[in-house]
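Asks: File entry04.cif follows (mmCIF, C-alpha atoms):
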data_start
#
loop_
_atom_site.label_atom_id
_atom_site.label_comp_id
_atom_site.auth_asym_id
_atom_site.auth_seq_id
_atom_site.Cartn_x
_atom_site.Cartn_y
_atom_site.Cartn_z
CA MET A 1473 76.84 21.72 49.36
CA SER A 1474 80.31 20.21 49.36
CA THR A 1475 82.24 20.87 46.15
CA GLU A 1476 83.70 17.38 46.54
CA THR A 1477 80.24 15.90 46.05
CA THR A 1478 78.55 18.32 43.65
CA ALA A 1479 78.07 16.92 40.14
CA SER A 1480 78.25 19.27 37.16
CA ALA A 1481 75.47 19.13 34.61
CA ALA A 1482 77.92 18.12 31.89
CA ALA A 1483 79.43 15.27 33.94
CA SER A 1484 76.03 14.00 35.04
CA GLY A 1485 74.53 14.46 31.59
CA ASN A 1486 77.34 12.66 29.81
CA ALA A 1487 77.12 9.81 32.31
CA ALA A 1488 73.38 9.50 31.58
CA THR A 1489 74.06 9.58 27.83
CA ASP A 1490 76.69 6.85 28.13
CA ARG A 1491 74.37 4.70 30.25
CA PHE A 1492 71.60 5.05 27.67
CA ARG A 1493 73.94 4.01 24.86
CA GLN A 1494 74.94 0.94 26.87
CA SER A 1495 71.38 0.04 27.87
CA GLY A 1496 70.46 -1.76 24.66
CA LYS A 1497 67.08 -0.02 24.59
CA THR A 1498 67.37 0.82 20.90
CA SER A 1499 68.87 -2.48 19.70
CA ALA A 1500 65.52 -4.07 18.79
CA ILE A 1501 63.88 -1.00 17.25
CA GLN A 1502 62.71 -1.51 13.67
CA ALA A 1503 62.01 1.74 11.82
CA ASP A 1504 58.60 1.62 10.17
CA VAL A 1505 58.60 4.12 7.32
CA GLU A 1506 54.92 5.05 7.68
CA ARG A 1507 55.22 5.51 11.45
CA VAL A 1508 58.39 7.62 11.17
CA ASN A 1509 56.76 9.71 8.46
CA LEU A 1510 53.67 10.26 10.62
CA LEU A 1511 55.49 11.20 13.84
CA ALA A 1512 58.25 13.26 12.24
CA SER A 1513 55.79 15.16 10.07
CA LYS A 1514 53.56 15.99 13.04
CA LEU A 1515 56.53 17.12 15.11
CA ILE A 1516 57.86 19.36 12.35
CA LYS A 1517 54.39 20.76 11.65
CA ALA A 1518 53.86 21.54 15.33
CA ALA A 1519 57.17 23.40 15.47
CA ASN A 1520 56.34 25.38 12.32
CA ASP A 1521 52.87 26.19 13.66
CA ILE A 1522 54.48 27.70 16.78
CA VAL A 1523 56.84 29.79 14.63
CA LEU A 1524 53.96 31.17 12.57
CA GLU A 1525 51.47 31.64 15.43
CA GLU A 1526 53.99 33.28 17.77
CA ARG A 1527 55.90 35.13 15.02
CA VAL A 1528 59.28 33.75 16.11
CA SER A 1529 62.14 36.09 15.19
CA TYR A 1530 65.55 35.20 13.77
CA ASP A 1531 67.13 36.14 17.09
CA GLU A 1532 64.87 33.62 18.83
CA PHE A 1533 65.51 31.04 16.10
CA ASN A 1534 69.27 31.41 16.47
CA ALA A 1535 68.99 31.24 20.27
CA LEU A 1536 67.18 27.91 19.83
CA LYS A 1537 69.96 26.64 17.54
CA ALA A 1538 72.61 27.57 20.10
CA TRP A 1539 70.61 25.97 22.91
CA LEU A 1540 70.10 22.70 21.01
CA ILE A 1541 73.85 22.54 20.37
CA LYS A 1542 74.48 23.06 24.09
CA VAL A 1543 72.03 20.30 25.03
CA GLY A 1544 74.12 17.90 22.96
CA GLU A 1545 77.46 19.20 24.22
CA ASP A 1546 76.30 18.81 27.83
CA GLY A 1547 74.95 15.31 27.18
CA GLU A 1548 71.58 16.46 28.48
CA TRP A 1549 69.23 14.93 25.93
CA PRO A 1550 68.39 12.06 28.34
CA LEU A 1551 67.66 14.59 31.10
CA PHE A 1552 65.58 16.86 28.86
CA LEU A 1553 63.46 14.02 27.46
CA ASP A 1554 63.05 12.28 30.82
CA VAL A 1555 61.98 15.48 32.58
CA TRP A 1556 59.64 16.99 30.00
CA LEU A 1557 58.38 14.15 27.82
CA GLU A 1558 58.72 10.74 29.48
CA HIS A 1559 55.67 11.16 31.73
CA SER A 1560 53.41 11.19 28.66
CA VAL A 1561 55.17 8.21 27.06
CA GLU A 1562 54.80 6.31 30.34
CA GLU A 1563 51.08 7.12 30.49
CA VAL A 1564 50.55 5.69 27.01
CA ALA A 1565 52.61 2.59 27.79
CA THR A 1566 50.68 1.69 30.98
CA ASP A 1567 47.12 2.91 30.39
CA HIS A 1568 45.92 -0.71 29.98
CA ARG A 1569 47.07 -1.88 33.41
CA GLU A 1570 44.73 -3.14 36.09
CA GLY A 1571 47.48 -3.34 38.71
CA ASN A 1572 49.76 -0.60 39.99
CA LYS A 1573 50.26 2.52 37.96
CA GLY A 1574 53.85 3.31 37.21
CA SER A 1575 55.93 6.41 36.74
CA ILE A 1576 58.98 7.52 34.81
CA GLU A 1577 62.31 5.71 35.05
CA GLY A 1578 64.41 8.87 34.82
CA PRO A 1579 68.03 9.07 33.69
CA TYR A 1580 69.73 7.57 36.77
CA TYR A 1581 68.84 3.86 36.63
CA ILE A 1582 71.74 1.39 36.69
CA PRO A 1583 70.98 -2.30 36.01
CA GLU A 1584 72.45 -5.25 37.91
CA ALA A 1585 72.61 -3.61 41.33
CA PRO A 1586 73.85 -5.99 44.07
CA GLU A 1587 71.21 -8.58 44.92
CA GLN A 1588 70.07 -9.54 48.43
CA GLN A 1589 67.34 -11.73 49.89
CA SER A 1590 64.72 -9.78 51.83
CA PRO A 1591 64.72 -8.69 54.63
CA ALA A 1592 67.83 -6.66 53.85
CA THR A 1593 69.63 -3.35 54.18
CA ILE A 1594 70.58 -1.42 51.07
CA GLN A 1595 74.25 -0.60 50.58
CA MET A 1596 75.13 2.72 52.19
CA ARG A 1597 78.04 4.57 53.73
CA ASP A 1598 78.84 3.93 57.38
CA ASP A 1599 78.01 7.57 58.12
CA GLU A 1600 75.08 7.86 55.69
CA GLN A 1601 73.11 10.95 56.64
CA GLY A 1602 69.34 11.14 56.85
CA THR A 1603 66.32 9.52 58.44
CA PRO A 1604 66.31 5.71 58.53
CA LEU A 1605 63.43 4.32 56.45
CA LEU A 1606 61.96 0.83 56.52
CA PHE A 1607 60.25 0.19 53.19
CA GLN A 1608 58.09 -2.92 53.19
CA GLY A 1609 55.14 -4.53 51.44
CA GLN A 1610 53.98 -7.42 49.29
CA VAL A 1611 54.06 -8.17 45.57
CA ARG A 1612 50.90 -9.79 44.17
CA SER A 1613 49.30 -10.55 40.81
CA THR A 1614 46.03 -8.92 39.76
CA ASP A 1615 44.14 -12.04 40.90
CA GLY A 1616 45.46 -11.49 44.43
CA SER A 1617 47.94 -14.35 44.46
CA PRO A 1618 51.35 -13.57 46.01
CA LEU A 1619 54.32 -13.54 43.63
CA SER A 1620 57.03 -15.69 45.16
CA ASN A 1621 60.59 -14.40 44.83
CA ALA A 1622 59.55 -11.21 43.04
CA LYS A 1623 62.44 -8.81 42.46
CA ILE A 1624 62.36 -5.24 43.79
CA GLU A 1625 65.06 -2.97 42.36
CA LEU A 1626 65.43 0.17 44.46
CA TRP A 1627 67.55 3.26 43.93
CA HIS A 1628 67.30 6.84 45.12
CA ALA A 1629 69.17 10.03 45.94
CA ASP A 1630 70.95 10.61 49.24
CA GLU A 1631 70.16 13.34 51.78
CA GLU A 1632 71.92 15.91 49.60
CA GLY A 1633 70.00 14.93 46.47
CA PHE A 1634 72.81 13.06 44.69
CA TYR A 1635 72.82 9.65 43.00
CA SER A 1636 75.73 7.23 43.11
CA GLN A 1637 77.52 6.87 39.76
CA PHE A 1638 76.27 10.32 38.73
CA ALA A 1639 78.10 12.43 41.32
CA PRO A 1640 81.73 12.18 42.44
CA ASN A 1641 83.04 10.58 45.62
CA ILE A 1642 79.99 8.42 46.32
CA PRO A 1643 80.49 4.62 46.53
CA GLU A 1644 79.47 2.85 43.31
CA TRP A 1645 76.33 1.10 44.59
CA ASN A 1646 75.40 3.52 47.34
CA LEU A 1647 71.62 3.47 47.93
CA ARG A 1648 71.11 1.00 45.08
CA GLY A 1649 70.08 -2.63 45.33
CA SER A 1650 68.02 -5.55 44.05
CA PHE A 1651 65.94 -7.39 46.65
CA ILE A 1652 64.23 -10.77 46.37
CA ALA A 1653 60.87 -11.13 48.14
CA ASP A 1654 60.02 -14.24 50.15
CA ALA A 1655 57.72 -17.10 49.11
CA GLU A 1656 54.66 -14.98 49.89
CA GLY A 1657 55.92 -11.96 47.95
CA ASN A 1658 56.76 -10.03 51.13
CA PHE A 1659 59.75 -7.71 51.30
CA GLN A 1660 61.48 -5.49 53.87
CA ILE A 1661 64.22 -3.07 52.87
CA ASN A 1662 66.11 -0.79 55.25
CA THR A 1663 67.33 2.40 53.60
CA MET A 1664 67.41 6.16 54.18
CA GLN A 1665 64.69 8.64 53.34
CA PRO A 1666 65.83 10.60 50.25
CA ALA A 1667 65.76 14.37 49.91
CA PRO A 1668 64.08 16.58 47.32
CA TYR A 1669 66.57 17.90 44.79
CA GLN A 1670 66.96 20.18 41.83
CA ILE A 1671 67.82 18.69 38.46
CA PRO A 1672 71.22 20.00 37.25
CA THR A 1673 70.93 23.71 36.52
CA ASP A 1674 74.41 24.63 35.27
CA GLY A 1675 73.83 23.15 31.82
CA ALA A 1676 71.41 23.54 28.92
CA CYS A 1677 68.34 22.34 30.85
CA GLY A 1678 69.10 24.78 33.63
CA GLN A 1679 69.48 27.52 31.04
CA LEU A 1680 65.97 26.78 29.75
CA ILE A 1681 64.55 26.70 33.28
CA ALA A 1682 66.06 30.07 34.14
CA ALA A 1683 64.98 31.66 30.84
CA ALA A 1684 61.39 30.45 31.30
CA GLY A 1685 61.20 31.42 34.97
CA TRP A 1686 60.51 27.85 36.10
CA HIS A 1687 61.85 26.02 39.14
CA ALA A 1688 64.07 22.92 38.92
CA TRP A 1689 62.78 20.91 41.88
CA ARG A 1690 61.79 17.27 42.05
CA PRO A 1691 60.04 16.06 45.22
CA ALA A 1692 61.73 13.36 47.29
CA HIS A 1693 61.09 9.93 45.81
CA LEU A 1694 62.07 6.29 45.69
CA HIS A 1695 62.75 4.70 42.30
CA LEU A 1696 61.64 1.10 41.79
CA LYS A 1697 61.45 -1.64 39.22
CA VAL A 1698 59.32 -4.59 40.33
CA SER A 1699 59.31 -7.81 38.34
CA ALA A 1700 58.17 -11.44 38.51
CA PRO A 1701 58.09 -14.21 35.89
CA GLY A 1702 55.06 -14.06 33.63
CA HIS A 1703 54.20 -10.50 34.64
CA GLU A 1704 54.76 -7.06 33.19
CA LEU A 1705 57.67 -5.09 34.60
CA LEU A 1706 56.53 -2.20 36.78
CA THR A 1707 58.66 0.94 36.84
CA ALA A 1708 57.59 3.44 39.47
CA GLN A 1709 58.51 6.34 41.68
CA LEU A 1710 56.99 6.66 45.14
CA TYR A 1711 56.62 10.03 46.84
CA PHE A 1712 56.44 11.35 50.38
CA PRO A 1713 53.40 13.25 51.71
CA GLY A 1714 53.83 16.92 52.51
CA ASP A 1715 56.66 17.56 50.05
CA ALA A 1716 56.51 21.14 48.79
CA HIS A 1717 56.89 20.02 45.17
CA ASN A 1718 54.46 17.11 44.95
CA ASP A 1719 52.04 19.47 43.18
CA ASP A 1720 54.52 21.14 40.83
CA ASP A 1721 57.16 18.50 40.11
CA ILE A 1722 59.37 19.71 37.26
CA ALA A 1723 59.03 16.22 35.71
CA THR A 1724 55.21 16.08 36.09
CA ALA A 1725 55.54 12.51 37.41
CA VAL A 1726 53.61 12.55 40.72
CA LYS A 1727 50.31 10.64 40.84
CA PRO A 1728 48.03 10.38 43.89
CA GLU A 1729 48.30 6.58 43.95
CA LEU A 1730 52.11 6.85 44.22
CA LEU A 1731 52.08 8.74 47.54
CA LEU A 1732 53.39 6.78 50.51
CA GLU A 1733 51.98 6.75 54.03
CA ILE A 1734 54.79 7.45 56.49
CA GLN A 1735 54.67 6.37 60.13
CA PRO A 1736 57.16 6.36 63.01
CA ALA A 1737 59.24 3.19 63.06
CA THR A 1738 57.83 0.50 65.35
CA GLU A 1739 61.38 -0.58 66.16
CA GLY A 1740 64.41 1.68 66.42
CA ALA A 1741 64.82 5.18 65.02
CA GLY A 1742 63.37 6.66 61.89
CA VAL A 1743 60.18 5.99 59.95
CA GLN A 1744 58.52 3.19 58.04
CA THR A 1745 56.07 2.74 55.20
CA THR A 1746 54.12 -0.16 53.69
CA TYR A 1747 53.35 -0.19 49.98
CA ASP A 1748 52.07 -3.20 48.05
CA PHE A 1749 52.66 -3.83 44.36
CA VAL A 1750 50.13 -5.50 42.05
CA LEU A 1751 51.60 -6.65 38.74
CA ASP A 1752 49.66 -7.35 35.55
CA PRO A 1753 50.18 -10.74 33.88
CA GLU A 1754 51.89 -10.58 30.52
CA ALA A 1755 49.51 -10.70 27.58
CA LYS A 1756 49.35 -14.15 25.96
#
Can you present the structure in this file as structure tokens?
Replies:
Amino acid sequence: MSTETTASAAASGNAATDRFRQSGKTSAIQADVERVNLLASKLIKAANDIVLEERVSYDEFNALKAWLIKVGEDGEWPLFLDVWLEHSVEEVATDHREGNKGSIEGPYYIPEAPEQQSPATIQMRDDEQGTPLLFQGQVRSTDGSPLSNAKIELWHADEEGFYSQFAPNIPEWNLRGSFIADAEGNFQINTMQPAPYQIPTDGACGQLIAAAGWHAWRPAHLHLKVSAPGHELLTAQLYFPGDAHNDDDIATAVKPELLLEIQPATEGAGVQTTYDFVLDPEAK
């Protein structure tokens, strides 16, 4: 891997931390005393139960202290929580849905990507490496009606597993875009097939992975946010069949209904896939 492109865990982690702070996701949170008491008490009890059941030593306790400090210094709390906890939060948040099931957002989302009317080609370098991919489909409501002018936000890693704005020397909006479907909810987006990648391993999360004897791989995937007025926002990741890590994704985010069907392109080089989105109406 080129050292000009490789992102350090600290640089990537701090970028994710800064993006989270700027996201406004915590601005509307109201702390309910009873709820905080319940959740914090259960978390602390669970940690103490592990100490007592596993007879944790002071050496292990101090190693945990040092590791938690390093997580903060490396800015890797977003990465840690997104990889090992978000999949359960996402499951709770979407278990009521009749339409598409979602997946985790992950730490690399950037809002307000350049907008284009479909059909379109995502922004990429002139010499972007990889297999051309035509991603197409339709956005509908749960009653089957097409959702005119639905928005499809798409972002993903490049062929080396790096995301723009989280690795050096990649154009700002590379492989990121917002696409507006037509009057029948149809969309066509030309992009490149992403590669599997390892989450950063030179920081605190990598230290945990190595100490536990785990692997750091995520299967290749497309990130999406699909939205339409009057409907719930869908956040999803879509995966490619045959990937070696679909069954043991470090982030535990792969679901059978999120696997794409890949076919040779009917026009030109590369491959294509069709995937439809069904959005749930907002509760009234």
Asks: What box, with edges along x, y and z, holds each listed atom of region 1738-1752 of chain A when 8 Å is added on every side, and can you state its centre and edge lengths in Å to one decimal, as AutoDock Vina command-line options?
Replies:
--center_x 57.2 --center_y -0.3 --center_z 51.0 --size_x 31.2 --size_y 30.0 --size_z 46.9
Asks: For this file, the PyMOL selection byres ((chain A and resi 1727) around 12) selects which residues, as a PyMOL selection string?
Replies: chain A and resi 1559+1563+1572-1576+1691+1693+1708-1713+1718-1721+1723-1726+1728-1732
Asks: Leaving out Ala1483 (chain A) and any residue of its chain fewer than 4 positions from it, which residues lie within 10 Å of it when counting all atoms listed in the file, given as a PyMOL selection string?
Replies: chain A and resi 1479+1487-1489+1546-1548+1638-1640+1675
Asks: Point out the residue among A:Trp1645, A:Phe1607, A:Trp1539, A:Trp1686 with the least atom-to-atom distance to Tyr1581 (chain A), counting only C-alpha atoms.
Replies: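 Using only C-alpha atoms, Tyr1581 (chain A) sits closest to A:Trp1645.
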Asks: Choose the residue, out of A:Phe1492, A:Leu1551, A:Gln1588, A:Ile1594, that has the smallest atom-to-atom separation from Thr1673 (chain A); count all atoms listed in the file.
Replies: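 Closest residue, counting all atoms listed in the file: A:Leu1551.
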Asks: Could you tell me how far CA of Gln1735 (chain A) sits from CA of Thr1614 (chain A), in Å to one decimal place?
Replies: 26.9 Å
